[in-house]
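Only one structure is covered here, and it is reproduced in the block below.
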Amino acid sequence: MLGQLLFLTVPALWTVIWIYKYSQQHSLTWITRAFVFLGLYVPFLVVLLIPFDIVWEVSIFKWRILYWTTFIATWFILPFIQEYIESQFPTAEKRLKDSLYKNLRYYGLLTILSLFVVAYLRFTLRTMSFANFKELIISLTYFWGLIFVIFLLGNGLVFVPRNMWRKAFLHKRARLLERKAVNIYSKLQERLDEFSAYSSSSTMNMDRSYNLDVRTSYATESDFTTSAVSQAMSHVFPLQVTWTQMVKEYNLINSIQTAKASSSYRLYLPDSYIQMHPVLAYTLYVWVIPVLRIITACFLAFLSFVIVVSELFLHSKHSLVGIFLNRIKDSASFCAFASFVIINYMRYCTYKSVINTQFASYHRYAIVPSRATGPASLLCFASQLCRLTLPLCYNFTSLQFFPTQFHKFYGESIDLLPLGNLISKRYPVCILIPVLFSLFSMKYWLRHFIYSYGLQRSPVIDTLEPESSDTEDNFLDETSPSYLAEGRALLLSANYPSV
């Protein structure tokens, strides 16, 4: 009993620490905090239970509770609360109606698309049956999540070790910051302009209501504007925190480079860091941390290679993950620990890709540390984790050879229908697409190709000189010397705008 209580407490403690690190505490109500906790706690608990289910058995009853909890939280509770928070209506009743309307509109469209797919598979290909409705729902949600899991995982398996490797070298770290600086600064300027426009509009409405003495007639308009100002400010704050952190790290890099150039073996840290003896700081930041990052990057790259090869040989005896776990099956504790490391690395790569795409600092739903993440972003992120965790865990259980209770509940529901069986066995091979795309940085090659051979040779754009110059800025290579020089100047000046 004490062991089970401790087992449930560890992920709860981690979730509380994560929420405290990322969330704006003053903007979280107790309802929002409770459901954000639920949306983060359950996926982490699922990932924690999978290694125990491989070595020891976890009852199917527990898997049913966890699955339907994540299902209801993903598709109903978290999106509803998120839309309620983002609604600009002044009263709670109108916010509830607005949230209900937006969610019903979204799920109505999703239901229509799903019915078209099911009808096509049922009456044309004869691969779907309406008799097993529960299995049908599980297969469709699994397919929807696996589409994103494979591409996010493939991107993360390359990004995570490469990013760790780059951070081990000062010039590469500085180059990364200089490349991000221009984009972050321009987005910050845009959102500050939006905030100024909303603030001016709010002031004009308040003056108009006061002068005409018709405050009641303008109350709704004023409430809308006030809500818009609040949301505009919530979009500015994450970018300000991100920019401050970038400037802080860039100052540290400059201090380290100056110390290395002087050959004094002393490093005086900037005021924003914990002060320590200059010799100790030099040893730590110049030698110890870079070496640890290089070793970690090599280990993670090897782990990524093992996972990619295992995905290519999914459901076969050639899976490297399955071979390794089968070799150490005699040691139950070590097998559980190895499974925990592998599945958590897959989870970290997937979640890191989510944060770098949909939840990047310059996007609307930004996940930013230093307690700069808004409640709507937290709810949206928690909903995504609930949606992606179960397909990711099932993908991991397919890499190894041990039968699990998780597969008996979740896997058999998927494999019962031909569509789910086909997807679970064949689709993960597509992980090569995001891996190759990220490994060779094809995004920058495509951008350079579009600009060089598409825009410059277009006779339409040649006749529009002002618009062509703007387009040139948008398609400018982010690795060009001029782009990096602009980012370097912004970081060195450290003169970022504030509200």
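By order of appearance in the structure tokens: chains A, B, ..., then residues from 1 within every chain, and ligands from 1 in the order shown.
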What's around Ser361 of chain A at 12 Å? Count only C-alpha atoms, leave out sequence neighbours fewer than 3 positions away in its own chain, and write the answer as a compact mmCIF listing (two decimals) with C-alpha atoms, in the first residue's frame.
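And here's selection-v2.txt as it stands now:
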# COMPACT_ATOMS: atom_id res chain seq x y z
CA LYS A 180 16.42 33.19 -33.44
CA ALA A 181 16.88 36.81 -32.34
CA ASN A 183 12.34 36.39 -35.50
CA ILE A 184 11.66 36.75 -31.77
CA TYR A 185 12.31 40.50 -31.79
CA LYS A 187 7.25 39.07 -33.31
CA LEU A 188 7.63 40.98 -30.06
CA HIS A 235 0.62 37.20 -25.84
CA VAL A 236 3.34 39.81 -25.26
CA PHE A 237 4.60 38.52 -21.91
CA PRO A 238 5.98 35.12 -23.11
CA LEU A 239 7.98 36.84 -25.85
CA GLN A 240 9.40 39.35 -23.41
CA VAL A 241 10.54 36.56 -21.09
CA THR A 242 12.01 34.59 -24.01
CA TRP A 243 13.92 37.63 -25.24
CA GLN A 245 16.50 34.73 -21.44
CA MET A 246 18.16 34.91 -24.85
CA VAL A 354 5.34 19.84 -29.95
CA ILE A 355 6.81 22.78 -28.04
CA ASN A 356 9.07 23.78 -30.94
CA THR A 357 6.22 23.78 -33.46
CA GLN A 358 2.77 24.61 -32.16
CA ARG A 364 -0.04 32.04 -29.89
CA TYR A 365 0.12 29.11 -27.47
CA ALA A 366 3.64 29.54 -26.11
CA ILE A 367 5.16 27.22 -23.50
CA VAL A 368 7.78 29.39 -21.79
CA PRO A 369 9.57 28.69 -18.49
CA ALA A 372 5.44 32.98 -18.33
CA THR A 373 2.88 30.53 -19.78
CA GLY A 374 -0.77 31.54 -19.82
CA SER A 377 -1.60 27.60 -23.46
Could you give me, as a tab-separated table, every segment 24-123 of chain A residue with an atom at most 12 Å from segment 311-329 of chain A, plus its closest atom pair and distance in Å to one decimal, counting only C-alpha atoms, rows ordered by chain then number?
residue	atom	partner	partner_atom	distance
A:Pro51	CA	A:Leu325	CA	10.9
A:Ile54	CA	A:Lys329	CA	9.8
A:Val55	CA	A:Lys329	CA	8.0
A:Trp56	CA	A:Lys329	CA	11.3
Just write the chosen residues, N, CA and C atoms, as a PDB file, in the first residue's frame.
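Okay, this is what ended up in part23.pdb:
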ATOM      1  N   PRO A  51       6.640   0.594 -18.306  1.00  0.00           N
ATOM      2  CA  PRO A  51       7.739  -0.329 -17.958  1.00  0.00           C
ATOM      3  C   PRO A  51       7.349  -1.384 -16.916  1.00  0.00           C
ATOM      4  N   ILE A  54       5.477  -4.125 -18.614  1.00  0.00           N
ATOM      5  CA  ILE A  54       6.321  -5.027 -19.399  1.00  0.00           C
ATOM      6  C   ILE A  54       6.926  -6.112 -18.518  1.00  0.00           C
ATOM      7  N   VAL A  55       7.412  -5.715 -17.365  1.00  0.00           N
ATOM      8  CA  VAL A  55       8.079  -6.662 -16.457  1.00  0.00           C
ATOM      9  C   VAL A  55       7.069  -7.347 -15.550  1.00  0.00           C
ATOM     10  N   TRP A  56       6.218  -6.555 -14.937  1.00  0.00           N
ATOM     11  CA  TRP A  56       5.140  -7.091 -14.107  1.00  0.00           C
ATOM     12  C   TRP A  56       3.818  -6.701 -14.752  1.00  0.00           C
TER      13      TRP A  56
END
Exercise. For Thr9 of chain A, which of A:Val36, A:Val291, A:Tyr41, A:Leu110 is the closest residue, counting only C-alpha atoms?
Worked result: A:Tyr41
Exercise. Pick from A:Ala489, A:Met233, A:Val429, A:Val46: nearest to Pro391 of chain A, with only C-alpha atoms counted?
Worked result: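 Checking each candidate against Pro391 of chain A, we get A:Val46 as the closest.
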For this session: Would you please work out which residue, of A:Phe359, A:Phe116, A:Trp63, A:Tyr101, is nearest to Leu378 of chain A when using only C-alpha atoms?
Result: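 For Leu378 of chain A, the nearest of the candidates is A:Phe359.
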Problem set entry | alpha helix (DSSP H) per DSSP on the backbone: members of segment 278-354 of chain A, as a PyMOL selection string | chain A and resi 278-282+289-312+320-327+332-354
Exercise. Of the candidates A:Val182, A:Leu140, A:Ile77, A:Leu96, which shows the shortest atom-to-atom distance to Leu490 of chain A, using only C-alpha atoms?
Worked result: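 The shortest atom-to-atom distance to Leu490 of chain A comes from A:Val182.
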